[in-house]
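See below for the structure under consideration.
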Amino acid sequence: MSDFRKIDEVLKGPAPHWVGNGFRVKQFFPKDRGESIFERTSPFLLLDYNEPYYFQATPFETGVGPHPHRGFETVTFSLAGKVEHGDNKGNTGVINPGDIQWMTAGSGILHKEYHENEFVKKDRVFHVIQLWVNLPAKDKMTEPNYQAITKDQMGKYSIPEEGGEVIIYAGEAYGVKGPAKTFSPINIYKINLKKGTDFRIQEPEGFNTGFLVIGGEVEINKEATVEFGNFVLFDREDKEIAIQSIEEESEIMVFSGEPLNEPVAAAGPFVMNTREELVEASRDFREGVFGSPIF
């Protein structure tokens with residue numbers, strides 16, 4: 001029997017598609033994986049990865065215009081590039097490299113996301129992740145909220161012997177807490193790992209745990225090689241995950257959370273627990289309950 005938490009599956013990203021004219025993303029889940037994927041990734045619903053992509057300067061808005069959400073949270077990680085956000089609750093801001101923006105859609109919100117106004121005028125590399133986090137049934141109709149968390153607010157852990165660094169966004173890792181407030185137990189962090197360091201990840205038993213390689217190439221559990229741009233999904237055993245960087249430096253985004261164990265009813269921008277709630281969400285949006293689309 002292995003001493004390590006077993007790899008369930010390595011998810012290779014599908015062909016990229018465009019969201020608006022500014023986000024060229026590979027959707028690791030739930031795209032084309034069936035509804036059973038929600039059980040294996042809960043509380044995470046969707047993972048869109050905009051790999052580093054070169055955009056040419058343009059005088060035009062680049063991104064996606066006003067659109068609704070209900071029942072979950074969107075988390076945007078800027079790795080390279082600047083994302084400008086606005087919503088119809090009056091929240092605005094720029095997500096700079098190293099920052100995250102954690103938006104709780106809750107009972108309903110409209111928002112828009114663009115390349116920042118000055119950034120769009122330059123030739124540029126854009127590298128962004130968007131994660132959707134499900135809300136427990138009791139919190140799905142919570143008041144919409146907005147957390148703008150900057151690079152200097154993140155939790156940080158230095159890997160011994162100059163082996164790299166861990167940036168903690170939410171939950172806790174290596175005794176360091178992240179700044180984001182969550183509705184269910186979640187650990188999200190980024191590992192910058194130097195070659196030659198034997199590093200271990202230890203997540204709670206029962207948590208759905210996976211990671212996305214966003215730089216370099218890594219060896220997992222001393223047996224499997226995972227390249228840049230792949231997502232690894234593990235089982236729920238109470239065991240460590242061993243990682244080593246094959247290149248001089250590798251980067252890994254770790255997503256781990258306690259499953260909600262609740263039904264998921266999803267349709268486009270709405271994620272609820274029943275079909276009836278989806279119908280209600282669609283009706284409320286059409287009838288203006290979410291607020292004005294002009295902002």
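Residues in the structure tokens are numbered from 1 in each chain, the chains being A, B, ... in the order shown, and ligands are numbered from 1 in the order shown.
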Within 12 Å of region 236-255 of chain A, which residues of region 23-108 of chain A come that close, and what is the closest atom pair and distance in Å for each? Count only C-alpha atoms and give it as a tab-separated table.
```
residue	atom	partner	partner_atom	distance
A:Glu39	CA	A:Arg236	CA	11.9
A:Arg40	CA	A:Arg236	CA	9.5
A:Thr41	CA	A:Phe255	CA	9.2
A:Ser42	CA	A:Phe255	CA	10.4
A:Pro43	CA	A:Phe255	CA	9.8
A:Phe44	CA	A:Phe255	CA	8.3
A:Leu45	CA	A:Phe255	CA	11.5
A:Leu46	CA	A:Phe255	CA	11.6
A:Leu47	CA	A:Phe255	CA	10.2
A:Tyr49	CA	A:Met253	CA	11.2
A:Val75	CA	A:Phe255	CA	11.9
A:Phe77	CA	A:Met253	CA	10.3
A:Leu79	CA	A:Glu251	CA	10.9
```
Original post:
Quick one: residues within 7 Å of His115 (chain A), only C-alpha atoms counted, chain neighbours fewer than 6 positions away excluded, as a PyMOL selection string?
Top reply: chain A and resi 62-63+82-84
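You can rank A:Asn208, A:Thr225, A:Ser282, A:Thr76 by their closest distance to His127 (chain A) using only C-alpha atoms, and at the top of that list sits A:Thr76.
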**OP:** Would you list the contacts of Gly268 (chain A) as a ChimeraX atom specification, taking every protein, DNA or RNA residue within 10 Å and counting only C-alpha atoms, but skipping same-chain residues closer than 5 positions in sequence?
**Re:** /A:68-69,278,282
**OP:** Just the helix (DSSP H, G or I) stuff from region 1-191 of chain A, please, per backbone DSSP, written as a list in words.
**Re:**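 Put together, the selection reads Ile37, Phe38, Glu39, Arg40, Thr41, Phe119, Val120, Lys121, Ala137, Lys138, Asp139, Lys151, Asp152 and Gln153 of chain A.
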Please save N, CA and C atoms of the selected residues as a tab-separated table (two decimals), in the first residue's frame.
```tsv
chain	number	residue	atom	x	y	z
A	37	ILE	N	-18.89	14.86	-11.60
A	37	ILE	CA	-17.66	15.59	-11.27
A	37	ILE	C	-17.87	16.51	-10.07
A	38	PHE	N	-19.10	17.00	-9.88
A	38	PHE	CA	-19.35	17.90	-8.75
A	38	PHE	C	-19.09	17.21	-7.41
A	39	GLU	N	-19.37	15.93	-7.33
A	39	GLU	CA	-19.12	15.19	-6.10
A	39	GLU	C	-17.62	15.11	-5.82
A	40	ARG	N	-16.81	14.96	-6.87
A	40	ARG	CA	-15.37	14.79	-6.69
A	40	ARG	C	-14.62	16.11	-6.53
A	41	THR	N	-15.27	17.23	-6.87
A	41	THR	CA	-14.58	18.52	-6.74
A	41	THR	C	-15.22	19.44	-5.71
A	119	PHE	N	-3.89	48.98	-19.20
A	119	PHE	CA	-3.21	47.72	-19.53
A	119	PHE	C	-3.60	47.24	-20.92
A	120	VAL	N	-4.86	47.47	-21.31
A	120	VAL	CA	-5.36	46.98	-22.59
A	120	VAL	C	-4.71	47.69	-23.78
A	121	LYS	N	-4.12	48.87	-23.52
A	121	LYS	CA	-3.53	49.66	-24.59
A	121	LYS	C	-2.11	49.23	-24.93
A	137	ALA	N	-26.33	25.25	0.96
A	137	ALA	CA	-27.74	25.58	0.71
A	137	ALA	C	-28.23	26.71	1.62
A	138	LYS	N	-27.81	26.70	2.87
A	138	LYS	CA	-28.29	27.70	3.83
A	138	LYS	C	-27.76	29.11	3.54
A	139	ASP	N	-26.71	29.18	2.70
A	139	ASP	CA	-26.08	30.47	2.41
A	139	ASP	C	-26.27	30.94	0.97
A	151	LYS	N	-1.83	41.43	-2.96
A	151	LYS	CA	-0.66	40.56	-2.84
A	151	LYS	C	-0.02	40.63	-1.47
A	152	ASP	N	0.07	41.84	-0.92
A	152	ASP	CA	0.76	42.00	0.36
A	152	ASP	C	-0.06	41.53	1.56
A	153	GLN	N	-1.33	41.17	1.35
A	153	GLN	CA	-2.18	40.67	2.43
A	153	GLN	C	-2.13	39.15	2.56
```
Compile a residue-level contact table for region 179-283 of chain A against region 85-104 of chain A at a cut-off of 12 Å, reporting for every qualifying residue the shortest atom pair and its distance in Å to one decimal, with only C-alpha atoms counted, rows ordered by chain and ascending number, as JSON lines.
```
{"residue": "A:Pro179", "atom": "CA", "partner": "A:Ile100", "partner_atom": "CA", "distance": 10.4}
{"residue": "A:Ala180", "atom": "CA", "partner": "A:Trp102", "partner_atom": "CA", "distance": 7.6}
{"residue": "A:Lys181", "atom": "CA", "partner": "A:Trp102", "partner_atom": "CA", "distance": 8.9}
{"residue": "A:Thr182", "atom": "CA", "partner": "A:Trp102", "partner_atom": "CA", "distance": 9.4}
{"residue": "A:Phe183", "atom": "CA", "partner": "A:Thr104", "partner_atom": "CA", "distance": 9.9}
{"residue": "A:Ile188", "atom": "CA", "partner": "A:Ile100", "partner_atom": "CA", "distance": 11.5}
{"residue": "A:Tyr189", "atom": "CA", "partner": "A:Ile100", "partner_atom": "CA", "distance": 11.6}
{"residue": "A:Lys190", "atom": "CA", "partner": "A:Gly98", "partner_atom": "CA", "distance": 10.5}
```
